[in-house]
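Undergrad: Have a look at this one.
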Amino acid sequence: MKHLLEKYLPVRSPDEPSGGGPAPAPSAPAPVAPAPGDQPPAPPAPSPAPVAPPAAGQPYKPQGLPETMYGKDDRETMDKMATALNGYRQRDSAVPDKIEAYNAFEIDKAPEAIRGQLQALTADPLFGAVAKVAMDEKIPVATLHKLTTALYSQAAEAGILEAVVDPVKERAALLPDGAKSLPKADQDKAIEARMQANEDFVKLMIPQGLDKDVAEHALLMNMDTAMGNKFIEFFASKMTGADKAQPFGGPGAGPAGQNQRDALRKEMAAPEMDPQHPKFDRARYDELDQKYQKLVGV
C-alpha cells in the first residue's frame, strides 16, 4: 500500500498543503453588496446588427420578394413589380359593382348541351348567392362564367344534369282535347282542374296506406311536368276503372256530377282531413271518401 501511494501520489515538499499540486492563488476579496436604493446601472442593450448592404454588383432584393420578380438589376426588378401591379389593377377593374352583371352569360358561345341551364341561372336565387360571394371576393365576371360553364359541361357529360323544365310548354301539353277550342281563360281552368285531380288522387291514397312522405315525394317529382301528371293519371285510371268503357252514364256524369266532384275534392283537401292532423275526423273522412267513390263509379 505504501509503495502504491508513493508511486501514484505526487511528491510534495513538507511545507506544501496536503492534497498535492501548487498552492492556490490568493482569493479575491468578496464583492461589497450595494447599499439599498443604490443599484448599479443596467448594462446597455446591444444595438441591432446593421443590415448588410448588397454585395458589390448585386441588385437590391426586398425581403419577401418572389424570385419571379427578382431581376438582374434594380431596374429589371422594378419593371417586373410594375407589371404585376398592373395585372392586379386590371383584375380589379373587371369586377362589377352590381351582382346582375354575373347573370349576363354569352349563351350563344356556350356548349349547346348546357345553354338552357345557363339561361335559367339568371332567375335562380342560388346562383344569385354565388354571384354575391364572387363580387365580395373580387372575382371577374369572365372567371365565374368559365367556372360555371366547366361545372355544367362536366355534369352534362356525366349524364347527371337535369333537363330544364319550361312551365309554359308543360302546361300546354296538359290541355285536354275537349278544351282546345275554348278561350284562353277556360283552357287554363281545364289545365288546373286536370292537375288538381291528379294531386287529389295521390292524397286520397294516404288513408289507403300510402306513406305521407312518399306521397309528397311523388307529387314533388311528377307534378311539374306533363309526363309526370300523365304517369299519375295512368295509375289512377287503373285503380278507378276510368280507362274502361262506361256504356251508361253514372251518377257523376255531366256538369252536375263535375260540380259534385269538385266540391268533394275541395272538402277532402281541408287540413283536418289529413290523418296526421290533430283534429282529423275519421268518420267524416270515410263518409266523404264513400261519396267520392260512388260518384266516380268505383
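We name chains A, B, ... following the order of the C-alpha cells; residues begin at 1 in each chain, and ligands are numbered from 1 as shown.
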Which of region 60-282 of chain A counts as helix (DSSP H, G or I) under DSSP, as an MDAnalysis selection string please?

TA: chainID A and resid 67:69 74:93 99:103 107:109 112:123 125:136 141:158 167:172 177:179 184:204 212:222 226:240 254:268 271:273 282

Undergrad: With only C-alpha atoms as the atoms that count, which of A:Met78, A:Val141, A:Leu151, A:Val130 lies nearest to Ala104 (chain A)?

TA: A:Val141

Undergrad: Could you build a table of the residues in region 182-222 of chain A lying no more than 10 Å from region 261-264 of chain A, giving for each the nearest pair of atoms and their separation in Å rounded to one decimal place, using only C-alpha atoms, ordered by chain and ascending residue number, as a Markdown table?

TA:
| residue | atom | partner | partner_atom | distance |
| --- | --- | --- | --- | --- |
| A:Ala193 | CA | A:Asp262 | CA | 8.7 |
| A:Gln196 | CA | A:Asp262 | CA | 9.5 |
| A:Ala197 | CA | A:Asp262 | CA | 8.8 |

Undergrad: With N, CA and C atoms retained, could you export that selection as a tab-separated table (two decimals), in the first residue's frame?

TA:
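Result went into again_11.tsv, see below:
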chain	number	residue	atom	x	y	z
A	193	ALA	N	-107.72	22.14	-63.44
A	193	ALA	CA	-108.61	21.08	-62.94
A	193	ALA	C	-107.97	19.70	-63.13
A	196	GLN	N	-105.20	19.39	-60.57
A	196	GLN	CA	-105.77	19.26	-59.23
A	196	GLN	C	-106.31	17.86	-58.98
A	197	ALA	N	-106.92	17.28	-60.02
A	197	ALA	CA	-107.44	15.92	-59.89
A	197	ALA	C	-106.31	14.93	-59.63

Undergrad: Which neighbours of region 58-63 of chain A fall inside 8 Å, counting only C-alpha atoms, when residues of the same chain fewer than 6 positions from it are skipped, and could you give them as a list of chain:residue names?

TA: A:Tyr70, A:Gly71, A:Lys72, A:Asp73, A:Asp74

Undergrad: Could you check how far CA of Asn229 (chain A) sits from CA of Gly209 (chain A), in Å to one decimal?

TA: 21.1 Å
